[in-house]
Structures are given as C-alpha cells and as structure tokens.
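Next up, entry27.cif (mmCIF, C-alpha atoms and all ligand atoms; chains and numbers go by the auth columns):
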```
data_coords
#
loop_
_atom_site.group_PDB
_atom_site.id
_atom_site.type_symbol
_atom_site.label_atom_id
_atom_site.label_comp_id
_atom_site.label_asym_id
_atom_site.label_seq_id
_atom_site.Cartn_x
_atom_site.Cartn_y
_atom_site.Cartn_z
_atom_site.B_iso_or_equiv
_atom_site.auth_seq_id
_atom_site.auth_asym_id
ATOM 1 C CA MET A 1 26.979 -7.179 5.853 0.00 1 A
ATOM 2 C CA ALA A 2 25.494 -4.300 7.873 0.00 2 A
ATOM 3 C CA ARG A 3 26.815 -3.800 11.419 0.00 3 A
ATOM 4 C CA ALA A 4 25.245 -1.931 14.335 0.00 4 A
ATOM 5 C CA SER A 5 28.043 0.616 14.043 0.00 5 A
ATOM 6 C CA ASP A 6 26.766 1.433 10.523 0.00 6 A
ATOM 7 C CA ALA A 7 23.395 2.515 11.913 0.00 7 A
ATOM 8 C CA PRO A 8 22.678 6.245 11.733 0.00 8 A
ATOM 9 C CA PRO A 9 23.502 8.202 14.916 0.00 9 A
ATOM 10 C CA LEU A 10 20.375 8.978 16.924 0.00 10 A
ATOM 11 C CA PRO A 11 20.867 12.769 16.831 0.00 11 A
ATOM 12 C CA ARG A 12 20.800 12.500 13.032 0.00 12 A
ATOM 13 C CA VAL A 13 17.642 10.378 13.167 0.00 13 A
ATOM 14 C CA TYR A 14 16.087 12.982 15.437 0.00 14 A
ATOM 15 C CA ARG A 15 17.000 15.819 13.065 0.00 15 A
ATOM 16 C CA LEU A 16 15.636 14.020 10.008 0.00 16 A
ATOM 17 C CA LEU A 17 12.359 13.214 11.750 0.00 17 A
ATOM 18 C CA PHE A 18 11.948 16.695 13.172 0.00 18 A
ATOM 19 C CA LYS A 19 12.700 18.247 9.796 0.00 19 A
ATOM 20 C CA ARG A 20 9.953 16.186 8.181 0.00 20 A
ATOM 21 C CA PHE A 21 7.289 16.142 10.893 0.00 21 A
ATOM 22 C CA GLY A 22 8.008 19.157 13.119 0.00 22 A
ATOM 23 C CA SER A 23 6.986 19.311 16.786 0.00 23 A
ATOM 24 C CA GLN A 24 4.388 16.726 17.858 0.00 24 A
ATOM 25 C CA HIS A 25 3.215 18.651 20.959 0.00 25 A
ATOM 26 C CA TRP A 26 2.970 15.598 23.173 0.00 26 A
ATOM 27 C CA TRP A 27 1.492 14.388 25.517 0.00 27 A
ATOM 28 C CA PRO A 28 -1.898 14.606 23.756 0.00 28 A
ATOM 29 C CA ALA A 29 -3.664 15.788 26.958 0.00 29 A
ATOM 30 C CA LEU A 30 -7.198 16.985 26.531 0.00 30 A
ATOM 31 C CA SER A 31 -7.444 19.644 29.250 0.00 31 A
ATOM 32 C CA LYS A 32 -5.007 22.151 30.760 0.00 32 A
ATOM 33 C CA ARG A 33 -6.375 21.953 34.291 0.00 33 A
ATOM 34 C CA TYR A 34 -5.941 18.201 34.572 0.00 34 A
ATOM 35 C CA ARG A 35 -2.947 17.729 32.289 0.00 35 A
ATOM 36 C CA ARG A 36 -0.906 15.684 34.794 0.00 36 A
ATOM 37 C CA GLU A 37 -3.911 13.583 35.769 0.00 37 A
ATOM 38 C CA GLU A 38 -4.736 12.874 32.129 0.00 38 A
ATOM 39 C CA VAL A 39 -1.160 11.847 31.383 0.00 39 A
ATOM 40 C CA CYS A 40 -1.007 9.433 34.318 0.00 40 A
ATOM 41 C CA LEU A 41 -4.465 7.954 33.891 0.00 41 A
ATOM 42 C CA GLY A 42 -3.967 7.872 30.114 0.00 42 A
ATOM 43 C CA ALA A 43 -0.696 5.967 30.527 0.00 43 A
ATOM 44 C CA ILE A 44 -2.656 3.224 32.292 0.00 44 A
ATOM 45 C CA LEU A 45 -5.745 3.362 30.094 0.00 45 A
ATOM 46 C CA THR A 46 -3.754 3.132 26.853 0.00 46 A
ATOM 47 C CA GLN A 47 -2.309 -0.274 27.789 0.00 47 A
ATOM 48 C CA ASN A 48 -3.360 -2.726 25.053 0.00 48 A
ATOM 49 C CA THR A 49 -5.628 -0.273 23.273 0.00 49 A
ATOM 50 C CA ALA A 50 -5.527 2.628 20.817 0.00 50 A
ATOM 51 C CA TRP A 51 -5.454 6.233 21.980 0.00 51 A
ATOM 52 C CA THR A 52 -8.816 6.929 20.304 0.00 52 A
ATOM 53 C CA ASN A 53 -10.414 4.516 22.807 0.00 53 A
ATOM 54 C CA VAL A 54 -8.660 6.298 25.677 0.00 54 A
ATOM 55 C CA GLU A 55 -10.153 9.595 24.528 0.00 55 A
ATOM 56 C CA LYS A 56 -13.608 8.043 24.775 0.00 56 A
ATOM 57 C CA ALA A 57 -12.824 6.736 28.258 0.00 57 A
ATOM 58 C CA PHE A 58 -11.734 10.239 29.289 0.00 58 A
ATOM 59 C CA THR A 59 -15.156 11.521 28.331 0.00 59 A
ATOM 60 C CA GLY A 60 -16.658 9.162 30.923 0.00 60 A
ATOM 61 C CA LEU A 61 -14.123 10.151 33.578 0.00 61 A
ATOM 62 C CA ARG A 62 -14.559 13.850 32.894 0.00 62 A
ATOM 63 C CA ASP A 63 -18.356 13.676 32.985 0.00 63 A
ATOM 64 C CA ALA A 64 -18.171 11.979 36.395 0.00 64 A
ATOM 65 C CA GLY A 65 -15.619 14.475 37.747 0.00 65 A
ATOM 66 C CA TRP A 66 -13.003 11.741 38.157 0.00 66 A
ATOM 67 C CA LEU A 67 -10.073 13.571 36.648 0.00 67 A
ATOM 68 C CA ASP A 68 -9.969 14.904 40.206 0.00 68 A
ATOM 69 C CA LEU A 69 -7.959 12.075 41.779 0.00 69 A
ATOM 70 C CA ARG A 70 -9.398 12.672 45.255 0.00 70 A
ATOM 71 C CA ARG A 71 -12.843 11.913 43.913 0.00 71 A
ATOM 72 C CA LEU A 72 -11.621 9.036 41.772 0.00 72 A
ATOM 73 C CA ALA A 73 -9.942 7.418 44.795 0.00 73 A
ATOM 74 C CA SER A 74 -13.283 7.044 46.571 0.00 74 A
ATOM 75 C CA ALA A 75 -15.497 6.219 43.568 0.00 75 A
ATOM 76 C CA PRO A 76 -17.211 2.785 43.293 0.00 76 A
ATOM 77 C CA LEU A 77 -15.212 0.399 41.130 0.00 77 A
ATOM 78 C CA GLN A 78 -18.141 -0.742 39.021 0.00 78 A
ATOM 79 C CA ASP A 79 -18.993 2.882 38.175 0.00 79 A
ATOM 80 C CA ILE A 80 -15.409 3.610 37.151 0.00 80 A
ATOM 81 C CA ALA A 81 -15.380 0.456 35.029 0.00 81 A
ATOM 82 C CA ARG A 82 -18.568 1.592 33.283 0.00 82 A
ATOM 83 C CA ALA A 83 -17.123 5.043 32.608 0.00 83 A
ATOM 84 C CA ILE A 84 -13.913 3.721 31.043 0.00 84 A
ATOM 85 C CA ARG A 85 -15.494 0.821 29.175 0.00 85 A
ATOM 86 C CA PRO A 86 -14.284 2.044 25.710 0.00 86 A
ATOM 87 C CA ALA A 87 -10.654 1.583 26.819 0.00 87 A
ATOM 88 C CA GLY A 88 -11.078 -2.214 27.099 0.00 88 A
ATOM 89 C CA TYR A 89 -10.044 -4.432 30.058 0.00 89 A
ATOM 90 C CA PHE A 90 -12.224 -1.990 31.976 0.00 90 A
ATOM 91 C CA ASN A 91 -12.550 -3.961 35.233 0.00 91 A
ATOM 92 C CA GLN A 92 -8.800 -4.379 35.498 0.00 92 A
ATOM 93 C CA LYS A 93 -8.097 -0.793 34.457 0.00 93 A
ATOM 94 C CA ALA A 94 -10.696 0.549 36.900 0.00 94 A
ATOM 95 C CA LEU A 95 -8.819 -1.185 39.707 0.00 95 A
ATOM 96 C CA ARG A 96 -5.537 0.210 38.478 0.00 96 A
ATOM 97 C CA ILE A 97 -6.546 3.825 38.019 0.00 97 A
ATOM 98 C CA ARG A 98 -8.332 3.889 41.377 0.00 98 A
ATOM 99 C CA ALA A 99 -5.272 2.374 43.057 0.00 99 A
ATOM 100 C CA PHE A 100 -3.125 5.004 41.365 0.00 100 A
ATOM 101 C CA ALA A 101 -5.463 7.745 42.583 0.00 101 A
ATOM 102 C CA HIS A 102 -5.216 6.342 46.131 0.00 102 A
ATOM 103 C CA TYR A 103 -1.462 6.262 45.866 0.00 103 A
ATOM 104 C CA ALA A 104 -1.255 9.862 44.624 0.00 104 A
ATOM 105 C CA GLU A 105 -3.619 11.123 47.319 0.00 105 A
ATOM 106 C CA SER A 106 -1.676 9.301 50.037 0.00 106 A
ATOM 107 C CA HIS A 107 1.411 11.268 48.913 0.00 107 A
ATOM 108 C CA GLY A 108 -0.261 14.645 49.291 0.00 108 A
ATOM 109 C CA GLY A 109 -1.628 14.800 45.757 0.00 109 A
ATOM 110 C CA LEU A 110 -0.275 14.191 42.269 0.00 110 A
ATOM 111 C CA ARG A 111 1.579 17.483 41.929 0.00 111 A
ATOM 112 C CA ARG A 112 3.529 16.801 45.103 0.00 112 A
ATOM 113 C CA LEU A 113 4.154 13.177 44.191 0.00 113 A
ATOM 114 C CA LEU A 114 5.701 14.212 40.886 0.00 114 A
ATOM 115 C CA THR A 115 8.236 16.524 42.529 0.00 115 A
ATOM 116 C CA GLN A 116 10.268 13.503 43.660 0.00 116 A
ATOM 117 C CA GLU A 117 13.616 12.551 42.149 0.00 117 A
ATOM 118 C CA ILE A 118 13.460 10.160 39.190 0.00 118 A
ATOM 119 C CA ALA A 119 14.847 7.044 40.898 0.00 119 A
ATOM 120 C CA PRO A 120 12.529 6.922 43.953 0.00 120 A
ATOM 121 C CA LEU A 121 9.529 7.996 41.895 0.00 121 A
ATOM 122 C CA ARG A 122 10.176 5.289 39.298 0.00 122 A
ATOM 123 C CA ALA A 123 10.694 2.649 41.989 0.00 123 A
ATOM 124 C CA GLU A 124 7.422 3.589 43.690 0.00 124 A
ATOM 125 C CA LEU A 125 5.460 3.588 40.435 0.00 125 A
ATOM 126 C CA LEU A 126 6.870 0.212 39.424 0.00 126 A
ATOM 127 C CA ALA A 127 5.787 -1.207 42.773 0.00 127 A
ATOM 128 C CA LEU A 128 2.141 -0.455 41.928 0.00 128 A
ATOM 129 C CA LYS A 129 0.140 -3.297 40.416 0.00 129 A
ATOM 130 C CA GLY A 130 -0.295 -2.956 36.667 0.00 130 A
ATOM 131 C CA ILE A 131 2.382 -0.312 36.173 0.00 131 A
ATOM 132 C CA GLY A 132 5.343 -1.523 34.130 0.00 132 A
ATOM 133 C CA PRO A 133 8.378 0.356 32.835 0.00 133 A
ATOM 134 C CA GLU A 134 6.660 1.947 29.814 0.00 134 A
ATOM 135 C CA THR A 135 3.715 3.200 31.886 0.00 135 A
ATOM 136 C CA ALA A 136 5.925 4.474 34.721 0.00 136 A
ATOM 137 C CA ASP A 137 8.329 6.197 32.335 0.00 137 A
ATOM 138 C CA SER A 138 5.456 7.822 30.412 0.00 138 A
ATOM 139 C CA MET A 139 4.230 9.318 33.688 0.00 139 A
ATOM 140 C CA ILE A 140 7.706 10.502 34.667 0.00 140 A
ATOM 141 C CA LEU A 141 8.497 12.042 31.276 0.00 141 A
ATOM 142 C CA TYR A 142 5.141 13.484 30.291 0.00 142 A
ATOM 143 C CA ALA A 143 3.581 14.360 33.660 0.00 143 A
ATOM 144 C CA ALA A 144 6.664 15.162 35.771 0.00 144 A
ATOM 145 C CA ASP A 145 8.699 16.557 32.838 0.00 145 A
ATOM 146 C CA LEU A 146 11.764 14.626 33.968 0.00 146 A
ATOM 147 C CA PRO A 147 14.300 13.182 31.485 0.00 147 A
ATOM 148 C CA VAL A 148 13.438 9.492 31.251 0.00 148 A
ATOM 149 C CA PHE A 149 13.286 7.918 27.805 0.00 149 A
ATOM 150 C CA VAL A 150 10.073 5.998 27.077 0.00 150 A
ATOM 151 C CA VAL A 151 10.486 2.781 25.089 0.00 151 A
ATOM 152 C CA ASP A 152 7.553 1.188 23.308 0.00 152 A
ATOM 153 C CA ALA A 153 6.951 -1.337 20.545 0.00 153 A
ATOM 154 C CA TYR A 154 7.442 1.397 17.928 0.00 154 A
ATOM 155 C CA THR A 155 10.855 2.305 19.347 0.00 155 A
ATOM 156 C CA ARG A 156 11.895 -1.338 19.293 0.00 156 A
ATOM 157 C CA ARG A 157 10.760 -1.875 15.702 0.00 157 A
ATOM 158 C CA ILE A 158 12.335 1.264 14.271 0.00 158 A
ATOM 159 C CA LEU A 159 15.679 0.922 16.067 0.00 159 A
ATOM 160 C CA ALA A 160 15.938 -2.705 14.951 0.00 160 A
ATOM 161 C CA ARG A 161 15.177 -1.810 11.342 0.00 161 A
ATOM 162 C CA LEU A 162 17.661 1.039 11.408 0.00 162 A
ATOM 163 C CA GLY A 163 20.215 -1.563 12.471 0.00 163 A
ATOM 164 C CA ALA A 164 20.894 0.226 15.753 0.00 164 A
ATOM 165 C CA THR A 165 19.737 -2.406 18.247 0.00 165 A
ATOM 166 C CA ALA A 166 18.877 -6.106 18.276 0.00 166 A
ATOM 167 C CA PRO A 167 15.201 -7.010 17.734 0.00 167 A
ATOM 168 C CA ASP A 168 15.175 -8.845 21.077 0.00 168 A
ATOM 169 C CA ALA A 169 16.882 -6.096 23.096 0.00 169 A
ATOM 170 C CA SER A 170 15.372 -5.624 26.553 0.00 170 A
ATOM 171 C CA TYR A 171 13.478 -2.527 27.662 0.00 171 A
ATOM 172 C CA ALA A 172 16.463 -1.437 29.789 0.00 172 A
ATOM 173 C CA GLU A 173 18.922 -1.967 26.925 0.00 173 A
ATOM 174 C CA LEU A 174 16.834 0.108 24.528 0.00 174 A
ATOM 175 C CA GLN A 175 16.353 2.820 27.121 0.00 175 A
ATOM 176 C CA ASP A 176 20.095 2.944 27.885 0.00 176 A
ATOM 177 C CA PHE A 177 20.870 3.034 24.172 0.00 177 A
ATOM 178 C CA CYS A 178 18.688 6.105 23.583 0.00 178 A
ATOM 179 C CA THR A 179 19.522 7.857 26.845 0.00 179 A
ATOM 180 C CA SER A 180 23.250 7.633 26.247 0.00 180 A
ATOM 181 C CA ARG A 181 23.072 8.961 22.669 0.00 181 A
ATOM 182 C CA LEU A 182 20.768 11.941 23.040 0.00 182 A
ATOM 183 C CA PRO A 183 21.087 15.128 25.079 0.00 183 A
ATOM 184 C CA ARG A 184 19.621 14.287 28.499 0.00 184 A
ATOM 185 C CA ALA A 185 16.667 16.670 28.371 0.00 185 A
ATOM 186 C CA ALA A 186 12.973 15.962 28.921 0.00 186 A
ATOM 187 C CA ALA A 187 12.042 18.104 25.912 0.00 187 A
ATOM 188 C CA ILE A 188 14.288 16.038 23.592 0.00 188 A
ATOM 189 C CA PHE A 189 13.114 12.673 24.969 0.00 189 A
ATOM 190 C CA ASN A 190 9.517 13.854 24.734 0.00 190 A
ATOM 191 C CA GLU A 191 9.838 14.979 21.131 0.00 191 A
ATOM 192 C CA PHE A 192 11.893 12.012 19.951 0.00 192 A
ATOM 193 C CA HIS A 193 9.456 9.463 21.340 0.00 193 A
ATOM 194 C CA ALA A 194 6.529 11.278 19.732 0.00 194 A
ATOM 195 C CA LEU A 195 8.396 11.490 16.405 0.00 195 A
ATOM 196 C CA LEU A 196 9.093 7.733 16.485 0.00 196 A
ATOM 197 C CA VAL A 197 5.403 7.063 17.071 0.00 197 A
ATOM 198 C CA ARG A 198 4.537 9.272 14.102 0.00 198 A
ATOM 199 C CA LEU A 199 7.099 7.493 11.908 0.00 199 A
ATOM 200 C CA ALA A 200 5.839 4.066 12.952 0.00 200 A
ATOM 201 C CA LYS A 201 2.254 4.944 12.135 0.00 201 A
ATOM 202 C CA GLU A 202 2.887 6.662 8.811 0.00 202 A
ATOM 203 C CA HIS A 203 5.908 4.855 7.363 0.00 203 A
ATOM 204 C CA CYS A 204 7.573 2.183 9.499 0.00 204 A
ATOM 205 C CA THR A 205 4.445 0.080 9.880 0.00 205 A
ATOM 206 C CA LYS A 206 4.559 -3.487 11.163 0.00 206 A
ATOM 207 C CA ARG A 207 3.871 -4.934 7.740 0.00 207 A
ATOM 208 C CA ARG A 208 4.840 -3.382 4.414 0.00 208 A
ATOM 209 C CA PRO A 209 6.752 -0.338 5.638 0.00 209 A
ATOM 210 C CA ARG A 210 6.545 2.613 3.258 0.00 210 A
ATOM 211 C CA CYS A 211 10.280 3.096 2.883 0.00 211 A
ATOM 212 C CA GLU A 212 10.189 5.125 -0.341 0.00 212 A
ATOM 213 C CA SER A 213 8.606 8.097 1.383 0.00 213 A
ATOM 214 C CA CYS A 214 10.266 7.588 4.786 0.00 214 A
ATOM 215 C CA PRO A 215 12.425 10.484 6.035 0.00 215 A
ATOM 216 C CA LEU A 216 15.055 7.945 7.160 0.00 216 A
ATOM 217 C CA THR A 217 15.248 6.057 3.881 0.00 217 A
ATOM 218 C CA ARG A 218 18.844 7.094 3.129 0.00 218 A
ATOM 219 C CA ALA A 219 20.072 6.132 6.577 0.00 219 A
ATOM 220 C CA CYS A 220 18.154 2.950 7.312 0.00 220 A
ATOM 221 C CA LEU A 221 20.115 -0.322 7.162 0.00 221 A
ATOM 222 C CA LYS A 222 16.994 -2.388 6.444 0.00 222 A
ATOM 223 C CA ARG A 223 16.212 -0.149 3.511 0.00 223 A
ATOM 224 C CA LEU A 224 19.803 -0.141 2.274 0.00 224 A
ATOM 225 C CA ALA A 225 20.072 -3.928 2.584 0.00 225 A
ATOM 226 C CA ALA A 226 16.938 -4.315 0.416 0.00 226 A
ATOM 227 C CA ALA A 227 18.150 -1.887 -2.261 0.00 227 A
HETATM 228 S S1 LIG B . 13.325 3.206 5.624 0.00 301 A
HETATM 229 FE FE1 LIG B . 11.642 1.727 5.895 0.00 301 A
HETATM 230 S S2 LIG B . 12.331 0.221 7.435 0.00 301 A
HETATM 231 FE FE2 LIG B . 13.679 2.043 7.531 0.00 301 A
HETATM 232 S S3 LIG B . 12.791 3.323 9.153 0.00 301 A
HETATM 233 FE FE3 LIG B . 11.940 4.023 7.209 0.00 301 A
HETATM 234 S S4 LIG B . 10.029 2.874 6.911 0.00 301 A
HETATM 235 FE FE4 LIG B . 11.223 1.838 8.532 0.00 301 A
#
```

Written as structure tokens, how would this file's structure read?
Ligand code: SF4
Amino acid sequence: MARASDAPPLPRVYRLLFKRFGSQHWWPALSKRYRREEVCLGAILTQNTAWTNVEKAFTGLRDAGWLDLRRLASAPLQDIARAIRPAGYFNQKALRIRAFAHYAESHGGLRRLLTQEIAPLRAELLALKGIGPETADSMILYAADLPVFVVDAYTRRILARLGATAPDASYAELQDFCTSRLPRAAAIFNEFHALLVRLAKEHCTKRRPRCESCPLTRACLKRLAAA
C-alpha cells in the first residue's frame, strides 16, 4: 500500500513541471502601471469565478479609472457593482474591493501597505471582511513579492493524488507542507503555484485526469496504484 513517504519530493515535482511547462509568468496582470492593484483586486474578484470573467470585470474598472484605489475608495457602490458585473456576486464583491481600497488608502497607499512584514500584513488582510487565507496569500505573494505559499483547490487535489497529503488536510497544513519542502523564495512559490494550476487544468482535472500525458505520471501514487 502506498504511504505518504512514497510520494515524490516537491522539488522533484517542481522540476518535472517546469521542464514540461516552462515559466508561467504569473500573476496574469493586465497592465504594468497598476500591477499591484490588479493583483489585489483580482484576488478578490476571482473568488468563485473563472479568471476570464475577472478580465471582463477589469475592463469595467479600467474604463472608470478605478484601478486607481483612491478613486475606487470614493466611488458609488452601485456603479462599482455594475462595472464588475461579469465577475459574479457583484454586489458583495463591490463592497469588498471598495473596502480594500479604503484600507489601502488609509495606510498611505497600496505600495506603502505592501512594504510591511509578512505576519502583520497577513493578519491585517485576514481581518478584512471577505478576505480569507487564499486571497490574502495571493496578495502577499503576487503583489508584495513576499515568500508565502498560496494554497488553492488545485494544490489540494494534486498533492492528495500524488500521495503527499491527506485529501482533508487544512489550508495551514498544506501551506506548511509546501513551505517546508521548497526553497523559501517568492519566485519559487510563485512559479510552483502557477505550474500546479497549469497541471490541474491540462492534466489533473477533477474528473477523468489525463494521466498518460501528465509530466508527473511516473511519480504519482494515484497513477501507480491504478497501473
Ligand atoms: S498522474 Fe494523473 S492523478 Fe497523478 S498528478 Fe498526473 S494527472 Fe494527476
């Protein structure tokens, strides 16, 4: 019977994925000028929806000039909701992104806010309504470029199938697992998360994973158990 200790080491998983897919150039920000703003707003807007819908919502925000958080913080809620409608849950998300803009502006602006240490920044973000661990960590990793590993449903699925972690492991357990087994560098965490997303979309899908063509097929315990 397969044991967790038989699972492939994460650095090997990283190498195999990088060899197959190459650099993913995340976060998929749309503009250079507002990269940090897009990452943070995108981390909220992408909750419960696909990234393609977030891109459409960004069009509305950009057209209204609301990638500038000072302007977003004072914009009428119903207008924000209309602009981000394609992202779904638009009334709730309008409240959340405007509250985030308020929060950033009250700290002297987003750039300044993101210069904080990881622990206080994470604690402050988690205290905001509608920002959970995945959203906060996405902001810290992709906007502040600080080494925090982002866990999502793809991470959970792939690590469980590899035999590395339990399917019901908590967010903190999965994050600790990855953080302790990879070099603690924002660039590595950034790339690995993006590679896992790519793998989950192209091979390790929820139903009927395409194991034959998967770059991890020789290392995966699920695959080996089925052989
Ligand atoms: S071999 Fe199959 S189950 Fe294992 S990671 Fe690849 S796609 Fe997922």

- [ ] Expand the PyMOL selection byres (((chain A and resi 131-140) around 8) and not hetatm) into the individual residues it matches in the shown file, reporting them as a ChimeraX atom specification.
- [x] /A:39-40,43-44,114,118,121-122,125-130,141-152,171

- [ ] Go through A:Leu113, A:Leu162, A:Cys178, A:Ile188 and flag the residue nearest ligand LIG 301 (chain A), using all atoms listed in the file for the distances.
- [x]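 Between A:Leu113, A:Leu162, A:Cys178, A:Ile188, the residue approaching ligand LIG 301 (chain A) most closely is A:Leu162.
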
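With atom CA of Leu72 of chain A on one side and atom CA of Ala87 of chain A on the other, the separation reads 16.7 Å.
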
Close residues to ligand LIG 301 (chain A) using all atoms listed in the file, limit 9 Å, as an mmCIF file with C-alpha atoms, in the coordinates of the input:
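Final file, selection27.cif:
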```cif
data_model
loop_
_atom_site.group_PDB
_atom_site.id
_atom_site.type_symbol
_atom_site.label_atom_id
_atom_site.label_comp_id
_atom_site.auth_asym_id
_atom_site.auth_seq_id
_atom_site.Cartn_x
_atom_site.Cartn_y
_atom_site.Cartn_z
ATOM 1 C CA ARG A 157 10.760 -1.875 15.702
ATOM 2 C CA ILE A 158 12.335 1.264 14.271
ATOM 3 C CA LEU A 159 15.679 0.922 16.067
ATOM 4 C CA ALA A 160 15.938 -2.705 14.951
ATOM 5 C CA ARG A 161 15.177 -1.810 11.342
ATOM 6 C CA LEU A 162 17.661 1.039 11.408
ATOM 7 C CA GLY A 163 20.215 -1.563 12.471
ATOM 8 C CA LEU A 199 7.099 7.493 11.908
ATOM 9 C CA ALA A 200 5.839 4.066 12.952
ATOM 10 C CA GLU A 202 2.887 6.662 8.811
ATOM 11 C CA HIS A 203 5.908 4.855 7.363
ATOM 12 C CA CYS A 204 7.573 2.183 9.499
ATOM 13 C CA THR A 205 4.445 0.080 9.880
ATOM 14 C CA LYS A 206 4.559 -3.487 11.163
ATOM 15 C CA ARG A 208 4.840 -3.382 4.414
ATOM 16 C CA PRO A 209 6.752 -0.338 5.638
ATOM 17 C CA ARG A 210 6.545 2.613 3.258
ATOM 18 C CA CYS A 211 10.280 3.096 2.883
ATOM 19 C CA GLU A 212 10.189 5.125 -0.341
ATOM 20 C CA SER A 213 8.606 8.097 1.383
ATOM 21 C CA CYS A 214 10.266 7.588 4.786
ATOM 22 C CA PRO A 215 12.425 10.484 6.035
ATOM 23 C CA LEU A 216 15.055 7.945 7.160
ATOM 24 C CA THR A 217 15.248 6.057 3.881
ATOM 25 C CA ARG A 218 18.844 7.094 3.129
ATOM 26 C CA ALA A 219 20.072 6.132 6.577
ATOM 27 C CA CYS A 220 18.154 2.950 7.312
ATOM 28 C CA LEU A 221 20.115 -0.322 7.162
ATOM 29 C CA LYS A 222 16.994 -2.388 6.444
ATOM 30 C CA ARG A 223 16.212 -0.149 3.511
ATOM 31 C CA LEU A 224 19.803 -0.141 2.274
#
```

Open item on the list: Under the rule that all atoms listed in the file are counted, which of A:Phe177, A:Thr59, A:Leu41, A:Val54 is the nearest residue to Ala104 of chain A?
Closed with: A:Leu41

- [ ] Step by step, work through what the PyMOL selection byres (((chain A and resi 88-97) around 7) and not hetatm) selects in the shown file, and finish by giving those residues as an MDAnalysis selection string.
- [x] chainID A and resid 41 44:45 49 77 80:81 84:87 98:101 129:130

Open item on the list: Between atom CA of Asp79 of chain A and atom CA of Leu67 of chain A, what distance in Å does the model show, to one decimal?
Closed with: 14.0 Å

Open item on the list: Give me, as a list in words, all polymer residues having an atom no more than 12 Å from Arg15 of chain A, counting all atoms listed in the file and skipping those fewer than 3 positions away in the same chain.
Closed with: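 The residues that qualify are Pro8, Pro9, Leu10, Pro11, Arg12, Phe18, Lys19, Arg20, Phe21, Gly22, Ser23, Leu182, Ile188, Glu191, Phe192, Leu195, Leu196, Pro215 and Leu216 of chain A.
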
Open item on the list: Here is a test: counting all atoms listed in the file, which residue of A:Thr179, A:Phe58, A:Arg36, A:Thr155 is nearest to Gly109 of chain A?
Closed with: A:Arg36

Surrounding residues of Asn190 of chain A excluding itself and chain neighbours under 3 positions, 7 Å, only C-alpha atoms, as a PDB file with C-alpha atoms, keeping the file's coordinate frame:
```pdb
ATOM      1  CA  TRP A  26       2.970  15.598  23.173  1.00  0.00           C
ATOM      2  CA  LEU A 141       8.497  12.042  31.276  1.00  0.00           C
ATOM      3  CA  ALA A 186      12.973  15.962  28.921  1.00  0.00           C
ATOM      4  CA  ALA A 187      12.042  18.104  25.912  1.00  0.00           C
ATOM      5  CA  HIS A 193       9.456   9.463  21.340  1.00  0.00           C
ATOM      6  CA  ALA A 194       6.529  11.278  19.732  1.00  0.00           C
TER       7      ALA A 194
END
```

Task: Gap from atom CA of Ala153 of chain A to atom CA of Val197 of chain A - Å, one decimal - done: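 Between these atoms lies a distance of 9.2 Å.
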
Once 4 Å is added on each side, what are the centre and the three edge lengths, in Å to one decimal, of the axis-aligned box enclosing the listed atoms of segment 40-56 of chain A? Present them as AutoDock Vina command-line options.
```
--center_x -7.2 --center_y 3.4 --center_z 27.3 --size_x 20.9 --size_y 20.3 --size_z 22.0
```
